[in-house]
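Peer 1: Supplied structure: work31.tsv, TSV, C-alpha atoms.
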```
chain	number	residue	atom	x	y	z
A	49	MET	CA	0.00	0.00	0.00
A	50	ALA	CA	2.87	2.35	0.88
A	51	ALA	CA	4.60	1.51	-2.41
A	52	LEU	CA	1.38	2.26	-4.27
A	53	ARG	CA	1.06	5.59	-2.49
A	54	ASP	CA	4.71	6.35	-3.36
A	55	ARG	CA	4.12	5.62	-7.03
A	56	ASP	CA	0.98	7.76	-6.93
A	57	ARG	CA	2.99	10.63	-5.44
A	58	ARG	CA	5.65	10.27	-8.16
A	59	LEU	CA	2.98	10.30	-10.84
A	60	ARG	CA	1.37	13.38	-9.31
A	61	ARG	CA	4.77	15.12	-9.42
A	62	VAL	CA	5.23	14.22	-13.10
A	63	ILE	CA	1.77	15.57	-13.94
A	64	ARG	CA	2.48	18.75	-11.97
A	65	TRP	CA	5.69	19.28	-13.97
A	66	LEU	CA	3.92	18.62	-17.26
A	67	THR	CA	1.24	21.14	-16.29
A	68	LEU	CA	3.86	23.75	-15.43
A	69	ILE	CA	5.68	23.16	-18.73
A	70	ALA	CA	2.42	23.45	-20.70
A	71	MET	CA	1.56	26.62	-18.78
A	72	ALA	CA	4.97	28.21	-19.36
A	73	THR	CA	5.06	27.26	-23.05
A	74	GLY	CA	1.52	28.51	-23.53
A	75	PHE	CA	2.22	31.79	-21.74
A	76	LEU	CA	5.39	32.45	-23.73
A	77	SER	CA	3.98	31.47	-27.11
A	78	THR	CA	0.80	33.50	-26.55
A	79	LEU	CA	2.81	36.54	-25.48
A	80	ILE	CA	5.23	36.29	-28.43
A	81	TYR	CA	2.40	35.58	-30.89
A	82	SER	CA	0.29	38.48	-29.60
A	83	THR	CA	3.03	41.07	-29.47
A	84	GLY	CA	4.81	40.00	-32.64
A	85	ALA	CA	8.01	39.53	-30.63
A	86	ASP	CA	9.12	36.77	-33.00
A	87	LEU	CA	10.85	39.60	-34.88
A	88	ALA	CA	13.25	39.92	-31.95
A	89	ILE	CA	14.05	36.18	-32.13
A	90	ARG	CA	14.57	36.53	-35.87
A	91	TYR	CA	16.95	39.43	-35.21
A	92	VAL	CA	19.05	37.39	-32.76
A	93	ASN	CA	18.87	34.05	-34.58
A	94	PRO	CA	17.28	34.19	-38.06
A	95	GLU	CA	16.89	30.40	-38.42
A	96	LEU	CA	15.27	29.97	-35.02
A	97	GLY	CA	13.12	33.04	-35.68
A	98	ALA	CA	11.89	31.60	-38.98
A	99	TRP	CA	11.15	28.25	-37.36
A	100	TRP	CA	9.33	29.93	-34.49
A	101	ASP	CA	7.32	32.09	-36.87
A	102	ALA	CA	6.18	29.02	-38.78
A	103	HIS	CA	5.22	27.03	-35.68
A	104	GLN	CA	4.26	29.52	-32.99
A	105	PHE	CA	0.50	29.21	-33.51
A	106	ALA	CA	0.67	25.41	-33.41
A	107	ILE	CA	2.83	25.56	-30.25
A	108	MET	CA	0.31	27.90	-28.63
A	109	GLU	CA	-2.62	25.66	-29.53
A	110	VAL	CA	-0.96	22.40	-28.50
A	111	SER	CA	0.10	24.02	-25.20
A	112	ALA	CA	-3.45	25.20	-24.53
A	113	THR	CA	-4.89	21.77	-25.38
A	114	ALA	CA	-2.30	19.92	-23.30
A	115	LEU	CA	-2.86	22.30	-20.39
A	116	GLY	CA	-6.63	21.77	-20.55
A	117	LEU	CA	-6.28	18.00	-20.70
A	118	LEU	CA	-3.78	17.95	-17.83
A	119	ILE	CA	-5.93	20.20	-15.64
A	120	ALA	CA	-8.91	17.92	-16.30
A	121	VAL	CA	-6.93	14.76	-15.47
A	122	ARG	CA	-5.64	16.31	-12.23
A	123	CYS	CA	-9.04	17.61	-11.12
A	124	ALA	CA	-10.91	14.44	-12.12
A	125	ALA	CA	-8.39	12.21	-10.35
A	126	ARG	CA	-9.00	14.13	-7.11
A	127	LEU	CA	-12.65	13.11	-7.32
A	128	ILE	CA	-11.83	9.40	-7.32
A	129	GLU	CA	-11.61	7.66	-3.96
A	130	GLU	CA	-9.80	4.40	-4.64
A	131	THR	CA	-6.01	4.82	-5.05
A	132	ARG	CA	-5.32	1.88	-7.36
A	133	THR	CA	-8.16	2.60	-9.80
A	134	ARG	CA	-7.38	6.31	-9.73
A	135	ARG	CA	-3.73	5.70	-10.58
A	136	ARG	CA	-4.54	3.34	-13.44
A	137	ALA	CA	-7.11	5.74	-14.84
A	138	LYS	CA	-4.64	8.60	-14.52
A	139	VAL	CA	-1.88	6.78	-16.41
A	140	SER	CA	-4.27	5.63	-19.17
A	141	SER	CA	-5.75	9.14	-19.47
A	142	LEU	CA	-2.28	10.65	-19.74
A	143	VAL	CA	-1.30	8.24	-22.50
A	144	LEU	CA	-4.55	8.89	-24.37
A	145	SER	CA	-4.16	12.65	-23.84
A	146	ALA	CA	-0.67	12.51	-25.34
A	147	ILE	CA	-2.06	10.65	-28.36
A	148	ILE	CA	-5.02	12.97	-28.98
A	149	ALA	CA	-3.44	16.31	-28.00
A	150	LEU	CA	-2.09	17.10	-31.47
A	151	PRO	CA	-5.18	16.27	-33.57
A	152	LEU	CA	-7.46	17.70	-30.90
A	153	SER	CA	-5.60	21.02	-30.83
A	154	SER	CA	-6.64	21.89	-34.40
A	155	GLU	CA	-10.31	21.11	-33.63
A	156	VAL	CA	-10.17	23.08	-30.37
A	157	ALA	CA	-8.51	25.95	-32.25
A	158	SER	CA	-11.29	26.09	-34.81
A	159	ILE	CA	-14.00	26.13	-32.10
A	160	ALA	CA	-12.13	28.72	-30.01
A	161	ARG	CA	-12.12	30.97	-33.07
A	162	LEU	CA	-15.94	31.15	-32.94
A	163	GLY	CA	-17.76	33.82	-31.00
A	164	TRP	CA	-16.24	36.54	-28.86
A	165	ASP	CA	-12.50	36.95	-29.46
A	166	GLY	CA	-11.76	39.81	-27.11
A	167	GLY	CA	-11.05	41.98	-30.14
A	168	GLY	CA	-14.28	43.94	-30.14
A	169	ALA	CA	-14.12	47.69	-30.57
A	170	PRO	CA	-15.20	48.43	-26.96
A	171	THR	CA	-12.22	46.50	-25.54
A	172	ARG	CA	-9.78	48.14	-27.95
A	173	ASN	CA	-11.23	51.59	-27.34
A	174	PHE	CA	-11.08	51.09	-23.57
A	175	LEU	CA	-7.44	49.93	-23.68
A	176	GLN	CA	-6.40	52.71	-26.05
A	177	GLY	CA	-8.16	55.25	-23.83
A	178	ARG	CA	-6.31	53.99	-20.75
A	179	ALA	CA	-2.84	53.27	-22.15
A	180	GLY	CA	-2.59	55.41	-25.28
A	181	TYR	CA	-2.90	54.35	-28.92
A	182	GLY	CA	0.33	52.36	-29.36
A	183	ALA	CA	0.33	50.54	-26.02
A	184	GLY	CA	-3.46	50.05	-26.23
A	185	ASN	CA	-3.10	48.28	-29.56
A	186	ILE	CA	-0.47	45.92	-28.15
A	187	LEU	CA	-2.56	45.28	-25.03
A	188	ASP	CA	-5.59	44.59	-27.22
A	189	LYS	CA	-3.66	41.96	-29.16
A	190	ILE	CA	-2.50	40.38	-25.91
A	191	VAL	CA	-6.12	40.27	-24.68
A	192	ILE	CA	-7.25	38.63	-27.93
A	193	GLY	CA	-4.45	36.04	-27.70
A	194	SER	CA	-5.09	35.35	-24.02
A	195	VAL	CA	-8.85	34.93	-24.48
A	196	TYR	CA	-8.18	32.57	-27.38
A	197	PHE	CA	-5.72	30.59	-25.28
A	198	LEU	CA	-8.14	30.38	-22.33
A	199	LYS	CA	-11.02	29.31	-24.56
A	200	SER	CA	-8.89	26.54	-26.06
A	201	THR	CA	-7.79	25.42	-22.59
A	202	ALA	CA	-11.36	25.37	-21.27
A	203	LEU	CA	-12.63	23.34	-24.23
A	204	ALA	CA	-9.76	20.87	-23.92
A	205	ALA	CA	-10.46	20.57	-20.18
A	206	LEU	CA	-14.08	19.68	-20.89
A	207	ILE	CA	-12.94	16.95	-23.28
A	208	GLY	CA	-10.35	15.87	-20.70
A	209	PHE	CA	-13.07	15.33	-18.09
A	210	ALA	CA	-15.03	13.20	-20.56
A	211	LEU	CA	-11.89	11.23	-21.38
A	212	TYR	CA	-11.10	10.59	-17.72
A	213	ALA	CA	-14.70	9.55	-17.02
A	214	VAL	CA	-14.61	6.95	-19.81
A	215	VAL	CA	-11.18	5.68	-18.82
A	216	TRP	CA	-12.22	5.41	-15.16
A	217	VAL	CA	-15.38	3.51	-16.09
A	218	ILE	CA	-13.34	1.05	-18.17
A	219	THR	CA	-10.70	0.71	-15.42
A	220	MET	CA	-13.41	0.16	-12.82
A	221	SER	CA	-15.04	-2.58	-14.87
A	222	PHE	CA	-11.69	-4.43	-15.01
A	223	ASP	CA	-11.12	-3.87	-11.30
A	224	LYS	CA	-10.51	-7.02	-9.24
A	225	ASP	CA	-12.99	-5.84	-6.62
A	226	GLY	CA	-15.82	-5.77	-9.13
A	227	ALA	CA	-14.80	-8.99	-10.86
A	228	THR	CA	-15.12	-11.02	-7.65
A	229	GLU	CA	-18.87	-10.80	-7.97
A	230	PRO	CA	-19.90	-13.02	-10.89
A	231	ALA	CA	-23.59	-12.10	-10.61
A	232	GLU	CA	-22.68	-8.55	-11.65
A	233	ARG	CA	-21.81	-9.84	-15.08
A	234	SER	CA	-24.85	-12.06	-15.44
A	235	ILE	CA	-27.25	-9.10	-15.37
A	236	PRO	CA	-28.32	-8.61	-18.99
B	212	MET	CA	-31.91	16.06	-44.75
B	213	LEU	CA	-33.14	12.93	-42.95
B	214	PHE	CA	-29.84	11.01	-42.93
B	215	SER	CA	-26.64	12.96	-42.51
B	216	TRP	CA	-23.63	13.00	-40.21
B	217	ARG	CA	-25.06	16.02	-38.43
B	218	MET	CA	-28.34	14.23	-37.75
B	219	LEU	CA	-26.49	11.14	-36.53
B	220	VAL	CA	-24.39	13.20	-34.12
B	221	LEU	CA	-27.48	15.03	-32.90
B	222	PHE	CA	-29.33	11.73	-32.45
B	223	ILE	CA	-26.49	10.26	-30.36
B	224	HIS	CA	-26.35	13.50	-28.37
B	225	VAL	CA	-30.07	13.44	-27.54
B	226	ALA	CA	-30.03	9.68	-26.88
B	227	SER	CA	-27.18	10.19	-24.39
B	228	VAL	CA	-29.21	12.79	-22.49
B	229	ILE	CA	-32.15	10.41	-22.34
B	230	VAL	CA	-29.95	7.57	-21.06
B	231	ALA	CA	-28.10	9.68	-18.45
B	232	LEU	CA	-31.14	11.51	-17.13
B	233	GLY	CA	-33.58	8.61	-17.45
B	234	GLY	CA	-31.23	6.20	-15.69
B	235	SER	CA	-30.67	8.58	-12.78
B	236	LEU	CA	-34.37	9.41	-12.41
B	237	PHE	CA	-35.39	5.76	-12.57
B	238	SER	CA	-32.85	4.82	-9.93
B	239	THR	CA	-33.73	7.73	-7.61
B	240	PHE	CA	-37.51	7.72	-7.83
B	241	ALA	CA	-38.44	4.13	-8.74
B	242	LEU	CA	-35.77	1.57	-7.92
B	243	THR	CA	-34.33	2.84	-4.62
B	244	PRO	CA	-37.69	3.41	-2.83
B	245	ILE	CA	-38.98	0.00	-3.93
B	246	LEU	CA	-35.76	-1.70	-2.83
B	247	GLY	CA	-36.21	-0.06	0.58
B	248	GLN	CA	-39.75	-1.35	0.92
B	249	GLU	CA	-39.43	-4.84	-0.52
B	250	LEU	CA	-36.00	-6.18	0.46
B	251	GLU	CA	-34.29	-7.10	3.71
B	252	PRO	CA	-31.39	-4.78	4.68
B	253	GLY	CA	-28.75	-7.33	3.63
B	254	ALA	CA	-30.23	-7.99	0.21
B	255	ARG	CA	-31.04	-4.30	-0.26
B	256	VAL	CA	-27.42	-3.25	0.28
B	257	LYS	CA	-26.22	-6.00	-2.04
B	258	VAL	CA	-28.53	-4.88	-4.84
B	259	ALA	CA	-28.00	-1.15	-4.20
B	260	ARG	CA	-24.21	-1.36	-4.42
B	261	ARG	CA	-24.43	-3.22	-7.72
B	262	VAL	CA	-26.92	-0.70	-9.07
B	263	ILE	CA	-24.58	2.15	-8.12
B	264	ARG	CA	-21.66	0.47	-9.90
B	265	ARG	CA	-23.68	-0.33	-13.01
B	266	LEU	CA	-25.43	3.03	-13.10
B	267	GLY	CA	-22.11	4.85	-12.71
B	268	THR	CA	-20.81	3.11	-15.80
B	269	ILE	CA	-23.92	4.00	-17.80
B	270	VAL	CA	-24.28	7.62	-16.62
B	271	LEU	CA	-20.59	8.54	-16.92
B	272	SER	CA	-20.30	6.92	-20.37
B	273	ALA	CA	-23.44	8.75	-21.50
B	274	LEU	CA	-22.07	12.05	-20.18
B	275	ALA	CA	-18.76	11.51	-21.97
B	276	ILE	CA	-20.57	10.76	-25.24
B	277	LEU	CA	-22.71	13.83	-24.59
B	278	ILE	CA	-19.64	16.06	-24.35
B	279	VAL	CA	-17.95	14.66	-27.45
B	280	THR	CA	-21.10	14.88	-29.60
B	281	GLY	CA	-21.79	18.32	-28.11
B	282	ILE	CA	-18.38	19.58	-29.25
B	283	VAL	CA	-19.02	18.15	-32.73
B	284	ASN	CA	-22.42	19.89	-32.73
B	285	VAL	CA	-20.75	23.21	-31.91
B	286	MET	CA	-18.46	22.70	-34.90
B	287	TYR	CA	-21.50	22.10	-37.11
B	288	MET	CA	-23.28	25.17	-35.70
B	289	GLY	CA	-20.25	27.37	-36.33
B	290	VAL	CA	-21.08	29.87	-33.61
B	291	VAL	CA	-20.53	30.17	-29.85
B	292	THR	CA	-23.10	32.35	-28.12
B	293	THR	CA	-23.25	33.43	-24.48
B	294	LEU	CA	-26.02	30.89	-23.94
B	295	LEU	CA	-23.81	28.12	-25.31
B	296	ALA	CA	-20.94	29.24	-23.10
B	297	ILE	CA	-23.25	29.02	-20.05
B	298	LYS	CA	-24.37	25.58	-21.20
B	299	LEU	CA	-20.78	24.37	-21.56
B	300	PHE	CA	-19.99	25.69	-18.08
B	301	LEU	CA	-22.97	23.80	-16.63
B	302	VAL	CA	-21.89	20.65	-18.49
B	303	THR	CA	-18.48	20.92	-16.83
B	304	ILE	CA	-20.13	21.18	-13.40
B	305	VAL	CA	-22.33	18.17	-14.22
B	306	ILE	CA	-19.42	15.93	-15.23
B	307	VAL	CA	-17.42	16.99	-12.15
B	308	LEU	CA	-20.39	16.25	-9.85
B	309	ALA	CA	-21.09	12.93	-11.56
B	310	LEU	CA	-17.45	11.89	-11.21
B	311	TYR	CA	-17.56	12.81	-7.51
B	312	GLN	CA	-20.90	11.02	-7.08
B	313	TYR	CA	-19.78	7.72	-8.56
B	314	GLY	CA	-16.00	7.92	-8.15
B	315	SER	CA	-15.90	9.06	-4.54
B	316	ILE	CA	-19.24	8.52	-2.79
B	317	GLY	CA	-20.22	5.50	-4.90
B	318	ALA	CA	-16.79	3.91	-4.36
B	319	ARG	CA	-17.07	4.45	-0.60
B	320	ILE	CA	-20.54	2.89	-0.53
B	321	TRP	CA	-19.13	-0.02	-2.55
B	322	ARG	CA	-16.28	-0.48	-0.07
B	323	TYR	CA	-18.21	-0.09	3.18
B	324	SER	CA	-21.04	-2.36	2.07
B	325	ALA	CA	-18.76	-5.19	0.92
B	326	LYS	CA	-19.58	-7.28	4.00
B	327	GLY	CA	-23.24	-6.40	4.33
B	328	PRO	CA	-25.08	-3.45	5.92
B	329	ASP	CA	-22.79	-0.86	7.53
B	330	PRO	CA	-23.76	2.25	9.56
B	331	MET	CA	-21.43	4.34	7.36
B	332	VAL	CA	-23.49	3.58	4.26
B	333	GLY	CA	-26.70	5.41	5.27
B	334	PRO	CA	-25.33	8.99	5.30
B	335	LEU	CA	-23.35	8.28	2.14
B	336	GLN	CA	-26.50	7.12	0.36
B	337	VAL	CA	-28.26	10.34	1.40
B	338	ARG	CA	-25.40	12.40	-0.05
B	339	PHE	CA	-25.31	10.20	-3.16
B	340	ARG	CA	-29.01	10.89	-3.71
B	341	ALA	CA	-28.63	14.64	-3.10
B	342	ILE	CA	-25.84	14.94	-5.65
B	343	GLY	CA	-27.84	12.77	-8.06
B	344	LEU	CA	-30.79	15.14	-7.77
B	345	THR	CA	-28.52	18.17	-8.29
B	346	VAL	CA	-27.05	16.57	-11.40
B	347	GLY	CA	-30.56	15.75	-12.65
B	348	ALA	CA	-31.73	19.34	-12.08
B	349	LEU	CA	-28.66	20.74	-13.85
B	350	VAL	CA	-29.19	18.39	-16.80
B	351	LEU	CA	-32.79	19.61	-17.05
B	352	ILE	CA	-31.55	23.23	-17.12
B	353	ILE	CA	-29.04	22.23	-19.82
B	354	VAL	CA	-31.85	20.64	-21.84
B	355	TYR	CA	-33.84	23.87	-21.54
B	356	LEU	CA	-30.84	25.91	-22.66
B	357	SER	CA	-30.38	23.54	-25.61
B	358	LEU	CA	-33.98	24.14	-26.63
B	359	ALA	CA	-33.40	27.88	-26.34
B	360	LEU	CA	-30.29	27.50	-28.50
B	361	SER	CA	-31.96	25.45	-31.22
B	362	ARG	CA	-35.36	27.15	-31.17
B	363	GLY	CA	-34.34	30.58	-29.92
B	364	GLY	CA	-33.98	32.06	-33.40
B	365	GLY	CA	-37.69	32.90	-33.75
B	366	PRO	CA	-39.69	35.55	-31.95
B	367	SER	CA	-39.88	35.07	-28.18
B	368	ILE	CA	-43.22	34.16	-26.63
B	369	PRO	CA	-44.24	36.61	-23.91
B	370	ILE	CA	-45.12	35.06	-20.55
B	371	PRO	CA	-48.78	35.91	-19.79
B	372	ASP	CA	-49.40	38.13	-16.81
B	373	LEU	CA	-51.32	36.01	-14.29
B	374	GLY	CA	-51.69	38.77	-11.70
```
Represent the supplied structure as structure tokens.
Peer 2:
Amino acid sequence: MAALRDRDRRLRRVIRWLTLIAMATGFLSTLIYSTGADLAIRYVNPELGAWWDAHQFAIMEVSATALGLLIAVRCAARLIEETRTRRRAKVSSLVLSAIIALPLSSEVASIARLGWDGGGAPTRNFLQGRAGYGAGNILDKIVIGSVYFLKSTALAALIGFALYAVVWVITMSFDKDGATEPAERSIP
Amino acid sequence: MLFSWRMLVLFIHVASVIVALGGSLFSTFALTPILGQELEPGARVKVARRVIRRLGTIVLSALAILIVTGIVNVMYMGVVTTLLAIKLFLVTIVIVLALYQYGSIGARIWRYSAKGPDPMVGPLQVRFRAIGLTVGALVLIIVYLSLALSRGGGPSIPIPDLG
């Protein structure tokens, strides 16, 4: 039991690190994408700048999706009582999340594009009124990027909860505790 | 069009709501009271714990399908309104509550009742039922919001003044 708890703690640490990495990558990529700071990277290292310019949107989206999925896995796992089932479900969800993160990010990106994007005239006018025209424009772009990132994260989190629920249900049905009762399976 | 991918997704979406909500309502208002009246405590606990396990599988699977088909529906609709955002927020609360209901309270009921009736099970069953009713009420609100989303395009019907 102690070994199981130890492994669970290690896994929790890994997930915490992955969440922090996704958060940091997402924050940086959103900031650079919104402010157009990739020009500075291009100035320092043209090759890296060109690569970043070509991939920055994808990096931002995959980070947002991964962050959403990881948040969902962490929150959902806290709702499960039994350590062994929770750990199995967590590992399986993480593996599945890693598999679906890339294809899911493009779908999440297309949905996050719908509706309010934070770029409405009232927001821009307010920011320009407070910070001046130049700074207001930059702030407005950061707001648009941040809202987009948050929307993507929230959508991915919703899918992450669904994923964890399904994985937990499957794990539970293979659980030794449940299998010891043969009558359970004879119910049509 | 009668047969299309969109219709199929919508059909699965609606069927999932029926399964999730219908299963919970049947268990809360029909099965559990009858079990309490007709069975001895030992047999009642044995049946109830199996029902919780089986129902958890059905409800959580239905909710997961609901979310996936819901996301696909949003893609077909091509627009995210404030109403839809509220609906998605409520769906998140529902899945979190359902996971807590079956994953935490349900698992504890399953564990405590393994060797027959246990004094710990009673309060847990009360909480299980309360969360089940909350989830049911939230799902009903979500259904209403869905109707508003799909039928809200036309003119609104004024509520008659009964005073």
Peer 1: Check every residue of chain B for an atom within 6 Å of chain A, counting all atoms listed in the file, and provide those that qualify as a PyMOL selection string.
Peer 2: chain B and resi 268+271-272+275+290-291+311+314-315
Peer 1: Nearest to Thr280 (chain B) among B:Leu299, B:Val220, B:Leu349, B:Leu358, with distances taken over all atoms listed in the file: which residue is it?
Peer 2: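 Closest to Thr280 (chain B) of all the choices is B:Val220.
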Peer 1: In Å, rounded to a single decimal, give me how far CA of Tyr323 (chain B) is from CA of Ile269 (chain B).
Peer 2: 22.1 Å
Peer 1: Which residues come within 12 Å of Ser227 (chain B), counting only C-alpha atoms, excluding same-chain residues fewer than 2 positions away, as a VMD selection string?
Peer 2: chain B and resid 220 to 225 229 to 234 269 to 281 350 354
Peer 1: Which residues are near Ile320 (chain B)? Cut-off 12 Å, all atoms listed in the file, ignore same chain within fewer than 6 positions. Put them as number ranges by chain.
Peer 2: A: 129-130; B: 256-264, 312-314, 326-339
Peer 1: Excluding Leu187 (chain A) and its own-chain neighbours fewer than 6 positions away, which residues fall within 9 Å of it when counting only C-alpha atoms? Please give them as a PyMOL selection string.
Peer 2: chain A and resi 82-83+172+175-176+179
Peer 1: Which polymer residues have any atom within 6 Å of an atom of region 64-77 of chain A, counting only C-alpha atoms, with same-chain residues fewer than 3 positions away left out, as a list in words?
Peer 2: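 Counting only the stated atoms, we get Arg61, Ile80, Tyr81, Met108, Ser111 and Leu115 of chain A.
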Peer 1: How many Å lie between CA of Thr345 (chain B) and CA of Thr113 (chain A), rounded to one decimal?
Peer 2: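 We find that CA of Thr345 (chain B) and CA of Thr113 (chain A) lie 29.4 Å from each other.
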Peer 1: Just the number, please: distance in Å from CA of Ser200 (chain A) to CA of Val283 (chain B), one decimal.
Peer 2: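 About the pair CA of Ser200 (chain A) and CA of Val283 (chain B): they are 14.7 Å apart.
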Peer 1: Identify, on the basis of only C-alpha atoms, every residue whose closest approach to region 84-86 of chain A does not exceed 9 Å; exclude the query and any residue fewer than 2 positions from it along the same chain; express the result as number ranges by chain.
Peer 2: A: 79-82, 88-91, 97-98, 100-101, 104
Peer 1: Hey, can I get the axis-aligned box for region 79-91 of chain A? All listed atoms, 3 Å padding on each side, centre and edge lengths in Å to one decimal, as AutoDock Vina command-line options.
Peer 2:
```
--center_x 8.6 --center_y 38.3 --center_z -30.7 --size_x 22.7 --size_y 11.5 --size_z 16.4
```
